[in-house]
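Read the structure below first, then the notes.
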Amino acid sequence: MRFSVPSAAELLFGVPWAIWSLSVVSTVSSWIFDGFWDVLVVTLWVLSGLIILMPAAEDYVVKYLCRLRKPTLLEQQKLEVAWRAVCLRASVDPAHYKLWVEESDSVNGASIAGRSVAVTRWALNNLPPRQLQAVLAHELGHHRGGHPWATLLVFWYAQPARLLLSLIQSMMRLGSQITALGCLITAFVGLTIGGLLLHSLIWGDWGWSFYALLPFVVPIPLAWFSRRSELVADQVAADLGYARDTIAFFYDLQAQGEDVARRAAGWRGAVYATHPPLADRIRMLERYVQVTGS
């Protein structure tokens, strides 16, 4: 496995989320426990991120966190034929990875944790053999770049902070419906931000202000590097001989309106999207075909 730049960047930008989550966990733990038990809870939470990366825990992560299922006998046979063809081209051992199915009518694949690869039920049952191999080659590209385990680690350590942020967003939505509560929440947020800025201006210490704004800023570069990792995986699939098949697959997705939701979301859809526009991915692969002739 080669550790790609997008994967390293994702881990780097995940650090602020982890610090925020540590603050949330330690604060809540101190409210409930004292002394040894407080330290134990925080320590277990810190170690939990390493535990979910262990092969023994991967099946539980895939089943219960990602909600995937094991393929049926017929699905397993079809998946193994396509997967072995991809692994033969990549010179990797197909037995090193586990194959899963997502119960969905969408056209998608997924690479999870250390050695799990999944496709949707619809993709498995409806894609032509070469396009199914192209989807699997793309997911193998993610694994070769270390992206799945980096994403899982960042996701796991960000959960307490994301829950707190979701709570704040829910209160703000509720405040927009109840005038008095909305004024109270707005005043609290305004005073908090104003206090941090005033502290920074007086003491010249901008660390706390920067730290407080990080969870609102970090998702943007994280999304950008996630889009880059998709292009890297597309490149791997192309290098394995699936450039034309991937292009055909993307054109089918484009015809089905895959990018409609992104366009409807406007600038937010462009900034926070974790996948590049299909047109960009198609152009990149078409240039690859023109240069290599493959």
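Chains: A, B, ... in order of the structure tokens. Residues: from 1 per chain. Ligands: from 1, in order shown.
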DSSP on the backbone: what in region 30-278 of chain A comes out helix (DSSP H, G or I), as a PyMOL selection string? chain A and resi 30-32+35-51+55-65+73-90+94-96+121-126+129-144+147-177+179-203+207-217+219-255+260-264+266-272+278
Determine which residues of region 108-168 of chain A receive a DSSP assignment of strand (DSSP E or B), computed from the backbone, and state them as a PyMOL selection string. chain A and resi 109-112+116-120
Would you mind listing what lies within 9 Å of Ser21 (chain A) as a ChimeraX atom specification, with only C-alpha atoms counted and same-chain residues fewer than 4 positions away left out? /A:16-17,25-26,157-162,164
So that I can check the surroundings of Leu152 (chain A), please list as a PyMOL selection string every protein, DNA and RNA residue that reaches within 10 Å of it, counting only C-alpha atoms and ignoring chain neighbours fewer than 5 positions away. chain A and resi 11+49+52-53+61+112-114+147+157-158
May I have the residues from that selection written out with N, CA and C atoms, as a compact mmCIF listing (two decimals), in the first residue's frame?
```
# COMPACT_ATOMS: atom_id res chain seq x y z
N LEU A 11 -5.67 12.96 7.09
CA LEU A 11 -5.28 12.74 8.48
C LEU A 11 -4.87 14.05 9.15
N GLY A 49 -10.03 4.36 18.55
CA GLY A 49 -9.74 4.61 17.14
C GLY A 49 -8.75 3.62 16.57
N ILE A 52 -10.64 0.00 16.10
CA ILE A 52 -11.50 -0.21 14.93
C ILE A 52 -10.71 -0.46 13.66
N LEU A 53 -9.39 -0.18 13.69
CA LEU A 53 -8.55 -0.47 12.53
C LEU A 53 -7.99 -1.89 12.55
N VAL A 61 -17.25 -3.19 12.06
CA VAL A 61 -17.32 -1.84 11.50
C VAL A 61 -18.11 -1.85 10.20
N ILE A 112 -13.58 0.24 2.44
CA ILE A 112 -13.73 0.52 3.87
C ILE A 112 -12.57 -0.09 4.64
N ALA A 113 -12.13 0.68 5.65
CA ALA A 113 -11.13 0.22 6.61
C ALA A 113 -9.90 -0.32 5.89
N GLY A 114 -9.38 -1.45 6.36
CA GLY A 114 -8.11 -1.93 5.84
C GLY A 114 -8.19 -2.80 4.61
N HIS A 147 -6.49 5.47 1.49
CA HIS A 147 -7.59 6.39 1.77
C HIS A 147 -8.66 5.81 2.71
N TYR A 157 -12.79 9.64 15.06
CA TYR A 157 -12.35 10.61 16.06
C TYR A 157 -13.10 11.93 15.97
N ALA A 158 -13.81 12.16 14.87
CA ALA A 158 -14.57 13.41 14.73
C ALA A 158 -15.98 13.31 15.28
```
Show me, as number ranges by chain, the residues that have an atom within 10 Å of Ala118 (chain A) when counting only C-alpha atoms, minus same-chain residues fewer than 2 positions from it. A: 62, 68-71, 79, 98-102, 108-112, 116, 120-121, 124, 135-136, 139
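Going from CA of Leu22 (chain A) over to CA of Ala9 (chain A), you cover 20.3 Å.
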Within 12 Å of Pro94 (chain A), counting only C-alpha atoms, which residues show up once you throw out same-chain ones fewer than 6 positions away? Write them as number ranges by chain, please. A: 79-88, 115-117, 136-137, 140
Please, could you write that set of residues out with N, CA, C and O atoms as a PDB file, in the first residue's frame?
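again_1.pdb, freshly written:
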```pdb
ATOM      1  N   LEU A  79     -18.981 -11.616  -7.941  1.00  0.00           N
ATOM      2  CA  LEU A  79     -18.011 -10.649  -7.430  1.00  0.00           C
ATOM      3  C   LEU A  79     -16.585 -11.188  -7.533  1.00  0.00           C
ATOM      4  O   LEU A  79     -15.658 -10.463  -7.916  1.00  0.00           O
ATOM      5  N   GLU A  80     -16.401 -12.445  -7.197  1.00  0.00           N
ATOM      6  CA  GLU A  80     -15.055 -13.012  -7.198  1.00  0.00           C
ATOM      7  C   GLU A  80     -14.463 -13.068  -8.598  1.00  0.00           C
ATOM      8  O   GLU A  80     -13.262 -12.841  -8.775  1.00  0.00           O
ATOM      9  N   VAL A  81     -15.299 -13.365  -9.598  1.00  0.00           N
ATOM     10  CA  VAL A  81     -14.806 -13.391 -10.976  1.00  0.00           C
ATOM     11  C   VAL A  81     -14.274 -12.013 -11.362  1.00  0.00           C
ATOM     12  O   VAL A  81     -13.165 -11.873 -11.907  1.00  0.00           O
ATOM     13  N   ALA A  82     -15.073 -10.965 -11.082  1.00  0.00           N
ATOM     14  CA  ALA A  82     -14.659  -9.600 -11.424  1.00  0.00           C
ATOM     15  C   ALA A  82     -13.462  -9.171 -10.586  1.00  0.00           C
ATOM     16  O   ALA A  82     -12.521  -8.550 -11.103  1.00  0.00           O
ATOM     17  N   TRP A  83     -13.475  -9.496  -9.310  1.00  0.00           N
ATOM     18  CA  TRP A  83     -12.412  -9.071  -8.417  1.00  0.00           C
ATOM     19  C   TRP A  83     -11.079  -9.734  -8.753  1.00  0.00           C
ATOM     20  O   TRP A  83     -10.025  -9.092  -8.748  1.00  0.00           O
ATOM     21  N   ARG A  84     -11.118 -11.028  -9.080  1.00  0.00           N
ATOM     22  CA  ARG A  84      -9.891 -11.728  -9.436  1.00  0.00           C
ATOM     23  C   ARG A  84      -9.288 -11.172 -10.726  1.00  0.00           C
ATOM     24  O   ARG A  84      -8.065 -11.094 -10.867  1.00  0.00           O
ATOM     25  N   ALA A  85     -10.159 -10.757 -11.651  1.00  0.00           N
ATOM     26  CA  ALA A  85      -9.657 -10.162 -12.896  1.00  0.00           C
ATOM     27  C   ALA A  85      -8.921  -8.857 -12.608  1.00  0.00           C
ATOM     28  O   ALA A  85      -7.866  -8.574 -13.197  1.00  0.00           O
ATOM     29  N   VAL A  86      -9.460  -8.049 -11.693  1.00  0.00           N
ATOM     30  CA  VAL A  86      -8.824  -6.779 -11.325  1.00  0.00           C
ATOM     31  C   VAL A  86      -7.514  -7.036 -10.594  1.00  0.00           C
ATOM     32  O   VAL A  86      -6.477  -6.421 -10.903  1.00  0.00           O
ATOM     33  N   CYS A  87      -7.533  -7.936  -9.626  1.00  0.00           N
ATOM     34  CA  CYS A  87      -6.336  -8.213  -8.828  1.00  0.00           C
ATOM     35  C   CYS A  87      -5.222  -8.821  -9.674  1.00  0.00           C
ATOM     36  O   CYS A  87      -4.025  -8.595  -9.415  1.00  0.00           O
ATOM     37  N   LEU A  88      -5.593  -9.604 -10.692  1.00  0.00           N
ATOM     38  CA  LEU A  88      -4.594 -10.180 -11.586  1.00  0.00           C
ATOM     39  C   LEU A  88      -3.854  -9.074 -12.331  1.00  0.00           C
ATOM     40  O   LEU A  88      -2.626  -9.120 -12.485  1.00  0.00           O
ATOM     41  N   ARG A 115      -9.247  -3.635   4.487  1.00  0.00           N
ATOM     42  CA  ARG A 115      -9.260  -4.597   3.374  1.00  0.00           C
ATOM     43  C   ARG A 115     -10.673  -5.021   2.971  1.00  0.00           C
ATOM     44  O   ARG A 115     -10.901  -6.169   2.607  1.00  0.00           O
ATOM     45  N   SER A 116     -11.599  -4.105   3.013  1.00  0.00           N
ATOM     46  CA  SER A 116     -12.975  -4.401   2.617  1.00  0.00           C
ATOM     47  C   SER A 116     -13.354  -3.608   1.377  1.00  0.00           C
ATOM     48  O   SER A 116     -13.065  -2.419   1.275  1.00  0.00           O
ATOM     49  N   VAL A 117     -13.994  -4.296   0.429  1.00  0.00           N
ATOM     50  CA  VAL A 117     -14.444  -3.683  -0.818  1.00  0.00           C
ATOM     51  C   VAL A 117     -15.916  -4.036  -1.000  1.00  0.00           C
ATOM     52  O   VAL A 117     -16.319  -5.184  -0.794  1.00  0.00           O
ATOM     53  N   LEU A 136     -14.612  -1.872  -9.280  1.00  0.00           N
ATOM     54  CA  LEU A 136     -13.770  -2.546  -8.296  1.00  0.00           C
ATOM     55  C   LEU A 136     -12.319  -2.060  -8.382  1.00  0.00           C
ATOM     56  O   LEU A 136     -11.637  -1.923  -7.363  1.00  0.00           O
ATOM     57  N   ALA A 137     -11.845  -1.783  -9.604  1.00  0.00           N
ATOM     58  CA  ALA A 137     -10.482  -1.262  -9.772  1.00  0.00           C
ATOM     59  C   ALA A 137     -10.356   0.112  -9.119  1.00  0.00           C
ATOM     60  O   ALA A 137      -9.316   0.439  -8.530  1.00  0.00           O
ATOM     61  N   LEU A 140     -10.043  -0.485  -5.474  1.00  0.00           N
ATOM     62  CA  LEU A 140      -8.696  -0.964  -5.180  1.00  0.00           C
ATOM     63  C   LEU A 140      -7.715   0.203  -5.172  1.00  0.00           C
ATOM     64  O   LEU A 140      -6.776   0.246  -4.367  1.00  0.00           O
TER      65      LEU A 140
END
```
Hey, what's within 8 Å of Asp259 (chain A) if we count only C-alpha atoms and toss same-chain stuff fewer than 4 positions away? As a ChimeraX atom specification, please? /A:254,263,277-278
Export of prior selection with C-alpha atoms as an mmCIF file, in the first residue's frame:
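Final output, again32.cif:
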```cif
data_model
loop_
_atom_site.group_PDB
_atom_site.id
_atom_site.type_symbol
_atom_site.label_atom_id
_atom_site.label_comp_id
_atom_site.auth_asym_id
_atom_site.auth_seq_id
_atom_site.Cartn_x
_atom_site.Cartn_y
_atom_site.Cartn_z
ATOM 1 C CA GLN A 254 -24.264 11.520 -16.055
ATOM 2 C CA ARG A 263 -25.828 21.747 -9.158
ATOM 3 C CA PRO A 277 -18.134 16.498 -11.002
ATOM 4 C CA LEU A 278 -18.514 13.638 -13.449
#
```
